[in-house]
$ cat work31.txt   # compact mmCIF, C-alpha atoms
# COMPACT_ATOMS: atom_id res chain seq x y z
CA MET A 1 10.30 -8.18 12.82
CA ILE A 2 13.85 -8.91 11.69
CA PHE A 3 15.28 -6.00 13.70
CA ARG A 4 15.15 -6.19 17.49
CA ARG A 5 16.84 -2.91 18.46
CA VAL A 6 15.37 0.15 16.77
CA LEU A 7 15.98 3.88 17.17
CA LEU A 8 12.99 6.17 16.65
CA THR A 9 13.89 9.83 16.06
CA GLY A 10 11.24 12.51 16.45
CA ALA A 11 9.66 10.35 19.15
CA ALA A 12 7.84 13.29 20.74
CA GLY A 13 5.81 13.98 17.60
CA ARG A 14 2.36 12.72 16.63
CA ILE A 15 3.59 9.97 14.34
CA GLY A 16 6.26 9.02 16.85
CA ALA A 17 3.64 8.48 19.55
CA CYS A 18 1.59 6.35 17.16
CA LEU A 19 4.53 4.16 16.13
CA ARG A 20 5.69 3.65 19.70
CA ALA A 21 2.41 1.98 20.51
CA GLY A 22 2.57 -0.18 17.40
CA LEU A 23 6.21 -1.31 17.61
CA ARG A 24 7.41 -1.69 21.18
CA ALA A 25 5.76 -5.01 21.96
CA GLU A 26 7.80 -6.73 19.24
CA LEU A 27 11.23 -5.29 20.10
CA ASP A 28 14.00 -5.92 22.58
CA GLU A 29 14.68 -2.18 22.69
CA LEU A 30 12.89 0.78 21.17
CA ARG A 31 15.21 3.72 21.77
CA LEU A 32 13.45 7.07 21.58
CA THR A 33 15.17 10.34 20.80
CA ASP A 34 14.02 13.94 20.53
CA LEU A 35 14.88 17.31 22.03
CA ARG A 36 12.64 16.54 25.01
CA PRO A 37 11.24 13.36 26.57
CA PRO A 38 8.08 12.20 24.81
CA GLU A 39 4.67 11.80 26.38
CA PRO A 40 3.63 9.38 27.65
CA ARG A 41 6.90 8.63 29.39
CA PRO A 42 8.92 5.68 28.05
CA ILE A 43 8.02 2.23 29.31
CA PRO A 44 10.09 -0.96 28.80
CA PRO A 45 11.40 -1.91 26.30
CA GLU A 46 11.53 1.83 25.49
CA THR A 47 14.52 3.93 26.48
CA PHE A 48 15.14 7.64 25.88
CA VAL A 49 18.21 9.56 24.74
CA ALA A 50 17.95 13.33 24.26
CA ALA A 51 19.58 14.53 21.04
CA ASP A 52 19.57 17.56 18.77
CA LEU A 53 19.68 16.19 15.23
CA ALA A 54 22.04 18.97 14.20
CA GLU A 55 24.66 17.82 16.73
CA ARG A 56 26.66 14.98 15.20
CA GLU A 57 28.06 13.51 18.42
CA ALA A 58 24.62 13.43 20.05
CA VAL A 59 23.16 11.62 17.05
CA SER A 60 26.04 9.13 17.05
CA ARG A 61 25.39 8.32 20.71
CA ALA A 62 21.70 7.78 19.99
CA VAL A 63 22.42 5.44 17.07
CA GLU A 64 25.09 3.35 18.82
CA GLY A 65 24.08 -0.29 19.24
CA MET A 66 20.97 -0.10 17.05
CA GLU A 67 20.10 -2.45 14.19
CA ALA A 68 17.65 -0.12 12.42
CA VAL A 69 16.58 3.52 12.54
CA VAL A 70 13.16 5.01 11.86
CA HIS A 71 13.97 8.65 11.15
CA LEU A 72 10.91 10.83 11.77
CA GLY A 73 12.69 13.82 13.31
CA GLY A 74 12.76 17.31 11.82
CA VAL A 75 10.61 20.34 11.11
CA ALA A 76 7.37 18.92 9.70
CA ASP A 77 5.99 21.78 7.60
CA GLU A 78 7.00 24.75 5.50
CA ALA A 79 9.34 27.16 7.29
CA PRO A 80 12.07 29.70 6.52
CA PHE A 81 15.25 28.07 5.24
CA ASP A 82 17.26 28.90 8.37
CA GLU A 83 14.78 26.94 10.49
CA LEU A 84 14.97 23.90 8.23
CA VAL A 85 18.75 23.65 7.79
CA GLY A 86 19.63 22.15 11.17
CA PRO A 87 16.91 19.55 11.71
CA ASN A 88 16.07 18.63 8.10
CA LEU A 89 19.35 18.92 6.19
CA ILE A 90 22.21 18.59 8.68
CA GLY A 91 20.07 16.29 10.79
CA ALA A 92 19.34 13.93 7.90
CA PHE A 93 23.05 13.72 7.06
CA ASN A 94 23.95 13.09 10.69
CA VAL A 95 21.44 10.25 10.98
CA PHE A 96 22.49 8.47 7.78
CA ASP A 97 26.20 8.90 8.45
CA ALA A 98 25.93 7.81 12.08
CA ALA A 99 23.92 4.78 10.96
CA ARG A 100 26.58 3.85 8.42
CA ARG A 101 29.42 4.24 10.93
CA ALA A 102 27.58 2.26 13.63
CA GLY A 103 26.82 -0.68 11.34
CA VAL A 104 23.07 -0.11 11.29
CA ARG A 105 21.47 -2.35 8.67
CA ARG A 106 18.41 -0.30 7.66
CA VAL A 107 17.13 3.28 7.85
CA VAL A 108 13.45 3.99 7.30
CA TYR A 109 13.31 7.64 6.30
CA ALA A 110 10.12 9.63 6.80
CA SER A 111 9.92 11.62 3.60
CA SER A 112 6.73 13.41 2.54
CA ASN A 113 4.25 13.63 -0.30
CA ARG A 114 5.31 17.28 -0.32
CA ALA A 115 8.46 16.17 -2.15
CA THR A 116 6.22 15.65 -5.19
CA GLY A 117 3.60 18.35 -4.60
CA PHE A 118 3.95 19.89 -8.05
CA TYR A 119 2.73 16.82 -9.90
CA PRO A 120 -0.80 17.24 -11.29
CA VAL A 121 -3.64 15.51 -9.48
CA GLY A 122 -4.42 13.50 -12.61
CA GLN A 123 -1.03 11.75 -12.61
CA ARG A 124 -0.81 8.68 -10.37
CA LEU A 125 2.61 8.31 -8.80
CA ALA A 126 4.37 5.13 -7.71
CA GLY A 127 7.39 6.57 -5.86
CA GLU A 128 9.93 6.31 -8.67
CA GLU A 129 9.24 9.76 -10.10
CA THR A 130 11.69 12.67 -9.89
CA PRO A 131 10.88 14.95 -6.94
CA ARG A 132 8.92 18.12 -7.69
CA PRO A 133 8.70 19.69 -4.22
CA ASP A 134 6.01 22.22 -3.45
CA GLY A 135 8.24 24.30 -1.15
CA LEU A 136 11.40 24.39 0.95
CA TYR A 137 10.09 21.70 3.29
CA GLY A 138 9.45 19.35 0.38
CA ALA A 139 12.90 20.16 -1.00
CA THR A 140 14.52 19.11 2.27
CA LYS A 141 12.67 15.80 2.02
CA ALA A 142 13.94 15.33 -1.53
CA PHE A 143 17.45 15.94 -0.17
CA GLY A 144 16.89 13.24 2.43
CA GLU A 145 15.74 10.82 -0.27
CA ALA A 146 18.89 11.57 -2.27
CA LEU A 147 21.02 10.87 0.81
CA ALA A 148 19.20 7.58 1.32
CA ARG A 149 19.88 6.54 -2.26
CA MET A 150 23.55 7.49 -2.04
CA TYR A 151 24.13 5.68 1.27
CA SER A 152 22.41 2.62 -0.15
CA ASP A 153 24.40 2.58 -3.40
CA ARG A 154 27.76 3.59 -1.95
CA PHE A 155 27.78 1.87 1.44
CA GLY A 156 25.16 -0.87 1.15
CA LEU A 157 22.92 0.65 3.82
CA GLU A 158 19.35 -0.56 3.32
CA ALA A 159 17.04 2.44 3.00
CA ILE A 160 13.28 2.83 2.65
CA CYS A 161 11.87 6.29 1.92
CA VAL A 162 8.23 6.67 2.93
CA ARG A 163 6.53 9.68 1.33
CA ILE A 164 4.00 10.13 4.10
CA GLY A 165 0.58 11.43 3.11
CA SER A 166 -1.80 13.21 5.49
CA PHE A 167 -1.40 11.55 8.89
CA GLU A 168 -4.62 12.23 10.78
CA GLU A 169 -6.87 10.39 13.21
CA ARG A 170 -9.53 10.85 10.53
CA PRO A 171 -9.63 12.86 7.28
CA SER A 172 -10.20 16.56 7.94
CA ASP A 173 -10.56 18.09 4.46
CA ALA A 174 -11.22 17.21 0.83
CA ARG A 175 -7.53 16.71 0.04
CA ASN A 176 -7.29 14.03 2.72
CA LEU A 177 -9.70 11.87 0.72
CA SER A 178 -6.75 11.24 -1.61
CA THR A 179 -3.83 11.45 0.84
CA TRP A 180 -4.96 10.08 4.22
CA LEU A 181 -2.73 7.80 6.28
CA SER A 182 -4.62 6.43 9.25
CA PRO A 183 -2.86 5.68 12.56
CA GLY A 184 -3.58 1.98 12.15
CA ASP A 185 -2.14 1.88 8.65
CA ALA A 186 0.87 3.93 9.77
CA GLN A 187 1.65 1.23 12.33
CA ARG A 188 1.15 -1.51 9.74
CA LEU A 189 3.36 0.31 7.22
CA PHE A 190 6.32 0.97 9.48
CA ARG A 191 6.09 -2.51 10.97
CA ALA A 192 6.32 -3.83 7.41
CA CYS A 193 9.34 -1.58 6.76
CA LEU A 194 11.10 -3.27 9.68
CA SER A 195 9.99 -6.78 8.75
CA ALA A 196 10.61 -7.14 5.02
CA ARG A 197 13.72 -8.94 3.82
CA GLY A 198 15.82 -8.29 0.74
CA ILE A 199 15.27 -4.53 0.63
CA GLY A 200 18.18 -2.57 -0.80
CA PHE A 201 16.48 0.73 -1.57
CA LEU A 202 12.81 1.52 -1.93
CA THR A 203 10.60 4.60 -2.14
CA LEU A 204 6.84 4.41 -1.66
CA TYR A 205 3.93 6.56 -0.56
CA GLY A 206 2.67 6.26 2.98
CA ALA A 207 -1.08 6.17 2.51
CA SER A 208 -4.14 4.16 3.39
CA ALA A 209 -6.23 2.23 0.87
CA ASN A 210 -8.02 5.37 -0.30
CA ARG A 211 -10.39 4.97 -3.22
CA ARG A 212 -9.39 8.42 -4.55
CA SER A 213 -5.66 8.01 -3.97
CA TRP A 214 -3.23 9.84 -6.26
CA TRP A 215 -0.60 7.20 -5.56
CA LYS A 216 -0.01 3.58 -6.48
CA LEU A 217 1.09 1.34 -3.65
CA GLY A 218 1.35 -1.71 -5.90
CA GLU A 219 4.77 -3.35 -6.24
CA ALA A 220 6.47 -1.40 -3.48
CA ALA A 221 3.78 -2.32 -0.95
CA ARG A 222 3.93 -5.95 -2.12
CA ARG A 223 7.69 -6.09 -1.53
CA LEU A 224 7.18 -4.84 2.01
CA GLY A 225 4.09 -6.91 2.73
CA TYR A 226 2.15 -3.74 3.54
CA GLU A 227 -1.62 -4.21 3.36
CA PRO A 228 -3.52 -1.01 4.28
CA ARG A 229 -7.03 -1.51 5.65
CA ASP A 230 -8.53 1.96 5.98
CA ASP A 231 -10.20 4.12 3.33
CA ALA A 232 -10.89 7.84 3.64
CA GLU A 233 -13.99 7.36 1.51
CA ARG A 234 -16.10 6.40 4.51
CA PHE A 235 -15.73 10.00 5.71
CA ALA A 236 -16.44 11.59 2.32
CA ALA A 237 -20.04 12.57 3.04
CA GLU A 238 -18.87 14.63 6.02
CA ILE A 239 -16.05 16.57 4.36
CA GLU A 240 -16.41 16.47 0.57
CA ASP A 241 -16.09 19.92 -1.02
CA PRO A 242 -17.64 20.06 -4.53
CA GLY A 243 -15.92 23.40 -5.18
CA TRP A 244 -12.41 22.07 -4.54
CA ARG A 245 -10.69 21.62 -7.90
CA PRO A 246 -6.92 21.53 -7.31
CA GLU A 247 -4.42 21.47 -10.14
CA TRP A 248 -1.47 20.18 -8.12
CA GLN A 249 -1.20 17.37 -5.60
CA GLY A 250 0.42 19.79 -3.16
CA ASP A 251 -2.50 22.22 -3.09
CA PRO A 252 -2.67 24.37 -0.89
CA PHE A 253 1.07 24.11 -0.18
CA THR A 254 1.97 25.22 -3.72
CA ASP A 255 0.75 28.75 -3.03
CA PRO A 256 3.84 31.05 -3.06
CA ALA A 257 2.54 32.72 0.10
CA TYR A 258 2.33 29.47 2.06
CA GLY A 259 4.86 29.37 4.89
CA GLY A 260 5.50 33.10 4.82
CA TRP A 261 9.16 33.04 3.84
CA ALA A 262 8.84 34.12 0.19
$ encode --input "work31.txt" --output "structure tokens"
Amino acid sequence: MIFRRVLLTGAAGRIGACLRAGLRAELDELRLTDLRPPEPRPIPPETFVAADLAEREAVSRAVEGMEAVVHLGGVADEAPFDELVGPNLIGAFNVFDAARRAGVRRVVYASSNRATGFYPVGQRLAGEETPRPDGLYGATKAFGEALARMYSDRFGLEAICVRIGSFEERPSDARNLSTWLSPGDAQRLFRACLSARGIGFLTLYGASANRRSWWKLGEAARRLGYEPRDDAERFAAEIEDPGWRPEWQGDPFTDPAYGGWA
């Protein structure tokens, strides 16, 4: 990888635990940050710095001395607006601005397929489409993508937005047959995001090589050197639901009742 000192926010989450295992052997320092120490406990070259993403000074301390940031932190599903503001909106700004001020070269931003949940299932997306979020959570991810674009254009900060699909050990429902991101492919994808050269700004979907995928990896994956190996199709016989006929890619998250705030 071209970056040797990397900050991983949201390190106590499921994806954070997966990426730790896939990245640390290749780094001089993998600095972990979250509200609480992650499990398992950090081992060299991992270090830990506690930080609330909504607190600018704490984020600045966490970013100091890093070459790249993988920003996973935040509320990871639909929630009332007041619960999203601090981690997902203020937190995203704090991370990008701290990265810019500290001279960080690249931020890999964990966006979500929920930023485009109101596209129809029959339309294959490549990552360049205008966001159509399926709820407040998706809207916060669209905001983060807009920040990434602005910091790239205005300050020259390299930024990669990964619209993560359904991160699961194995597909658990019919939707996952189109959206699954396996742990192994997640490690391969984020390793590629930290290894590729000549990236100014890029948005792509974080998904495995699913036969039924709604998304094109294509050119964006080629630029990164990302080659997914897993396919949700091998689990289809166990979970396929013939009665599932969604209209929108964000189903069931497009339901106005989902999340309970409306």
$ closest_atom_pairs --input "work31.txt" --of "stretch 131-237 of chain A" --to "stretch 6-16 of chain A" --cutoff "10 Å" --atoms "all atoms listed in the file" --output "JSON lines"
{"residue": "A:Phe167", "atom": "CA", "partner": "A:Ile15", "partner_atom": "CA", "distance": 7.6}
{"residue": "A:Glu168", "atom": "CA", "partner": "A:Arg14", "partner_atom": "CA", "distance": 9.1}
{"residue": "A:Pro183", "atom": "CA", "partner": "A:Ile15", "partner_atom": "CA", "distance": 7.9}
{"residue": "A:Ala186", "atom": "CA", "partner": "A:Ile15", "partner_atom": "CA", "distance": 8.0}
{"residue": "A:Gln187", "atom": "CA", "partner": "A:Ile15", "partner_atom": "CA", "distance": 9.2}
{"residue": "A:Leu194", "atom": "CA", "partner": "A:Val6", "partner_atom": "CA", "distance": 9.0}
$ atom_distance --input "work31.txt" --atom1 "atom CA of A:Ile2" --atom2 "atom CA of A:Ile164"
22.7 Å
$ atom_distance --input "work31.txt" --atom1 "atom CA of A:Ala79" --atom2 "atom CA of A:Trp261"
6.8 Å
$ residues_around --input "work31.txt" --residues "A:Ala159" --least-positions-apart "4" --cutoff "6 Å" --atoms "only C-alpha atoms" --output "CSV table (one decimal) with C-alpha atoms, in the coordinates of the input"
chain,number,residue,atom,x,y,z
A,106,ARG,CA,18.4,-0.3,7.7
A,107,VAL,CA,17.1,3.3,7.8
A,108,VAL,CA,13.4,4.0,7.3
A,148,ALA,CA,19.2,7.6,1.3
A,201,PHE,CA,16.5,0.7,-1.6
$ atom_distance --input "work31.txt" --atom1 "atom CA of A:Arg24" --atom2 "atom CA of A:Asn210"
27.4 Å
$ residues_around --input "work31.txt" --residues "stretch 88-92 of chain A" --least-positions-apart "6" --cutoff "6 Å" --atoms "only C-alpha atoms" --output "count of residues only"
3
$ residues_around --input "work31.txt" --residues "A:Gly156" --least-positions-apart "3" --cutoff "9 Å" --atoms "all atoms listed in the file" --output "VMD selection string"
chain A and resid 100 105 151 to 153 159 200
$ residues_around --input "work31.txt" --residues "A:Tyr226" --least-positions-apart "3" --cutoff "12 Å" --atoms "all atoms listed in the file" --output "list of chain:residue names"
A:Gly184, A:Asp185, A:Ala186, A:Gln187, A:Arg188, A:Leu189, A:Phe190, A:Arg191, A:Ala192, A:Cys193, A:Leu194, A:Ser195, A:Ala196, A:Leu204, A:Tyr205, A:Gly206, A:Ala207, A:Ser208, A:Ala209, A:Leu217, A:Gly218, A:Glu219, A:Ala220, A:Ala221, A:Arg222, A:Arg223, A:Arg229
$ closest_residue --input "work31.txt" --among "A:Asp82, A:Asp134, A:Glu39, A:Glu129" --to "A:Phe253" --atoms "all atoms listed in the file"
A:Asp134
$ closest_residue --input "work31.txt" --among "A:Glu158, A:Gly259, A:Gly198, A:Arg163" --to "A:Glu83" --atoms "only C-alpha atoms"
A:Gly259
$ closest_residue --input "work31.txt" --among "A:Val75, A:Ala139, A:Val162, A:Val59" --to "A:Tyr109" --atoms "all atoms listed in the file"
A:Val162
$ closest_residue --input "work31.txt" --among "A:Leu32, A:Leu72, A:Leu177, A:Ile160" --to "A:Ala236" --atoms "only C-alpha atoms"
A:Leu177
$ residues_near_point --input "work31.txt" --point "(-9.4, 6.1, -4.1)" --cutoff "12 Å" --atoms "all atoms listed in the file" --output "VMD selection string"
chain A and resid 124 175 to 180 207 to 217 230 to 234 236
$ closest_residue --input "work31.txt" --among "A:Leu136, A:Ala21, A:Val63, A:Met1" --to "A:Gly260" --atoms "all atoms listed in the file"
A:Leu136
$ residues_around --input "work31.txt" --residues "A:Met66" --least-positions-apart "6" --cutoff "9 Å" --atoms "only C-alpha atoms" --output "PyMOL selection string"
chain A and resi 3-7+29+31+99+102-105
$ closest_residue --input "work31.txt" --among "A:Val95, A:Val70, A:Ala142, A:Leu147" --to "A:Gly127" --atoms "all atoms listed in the file"
A:Ala142
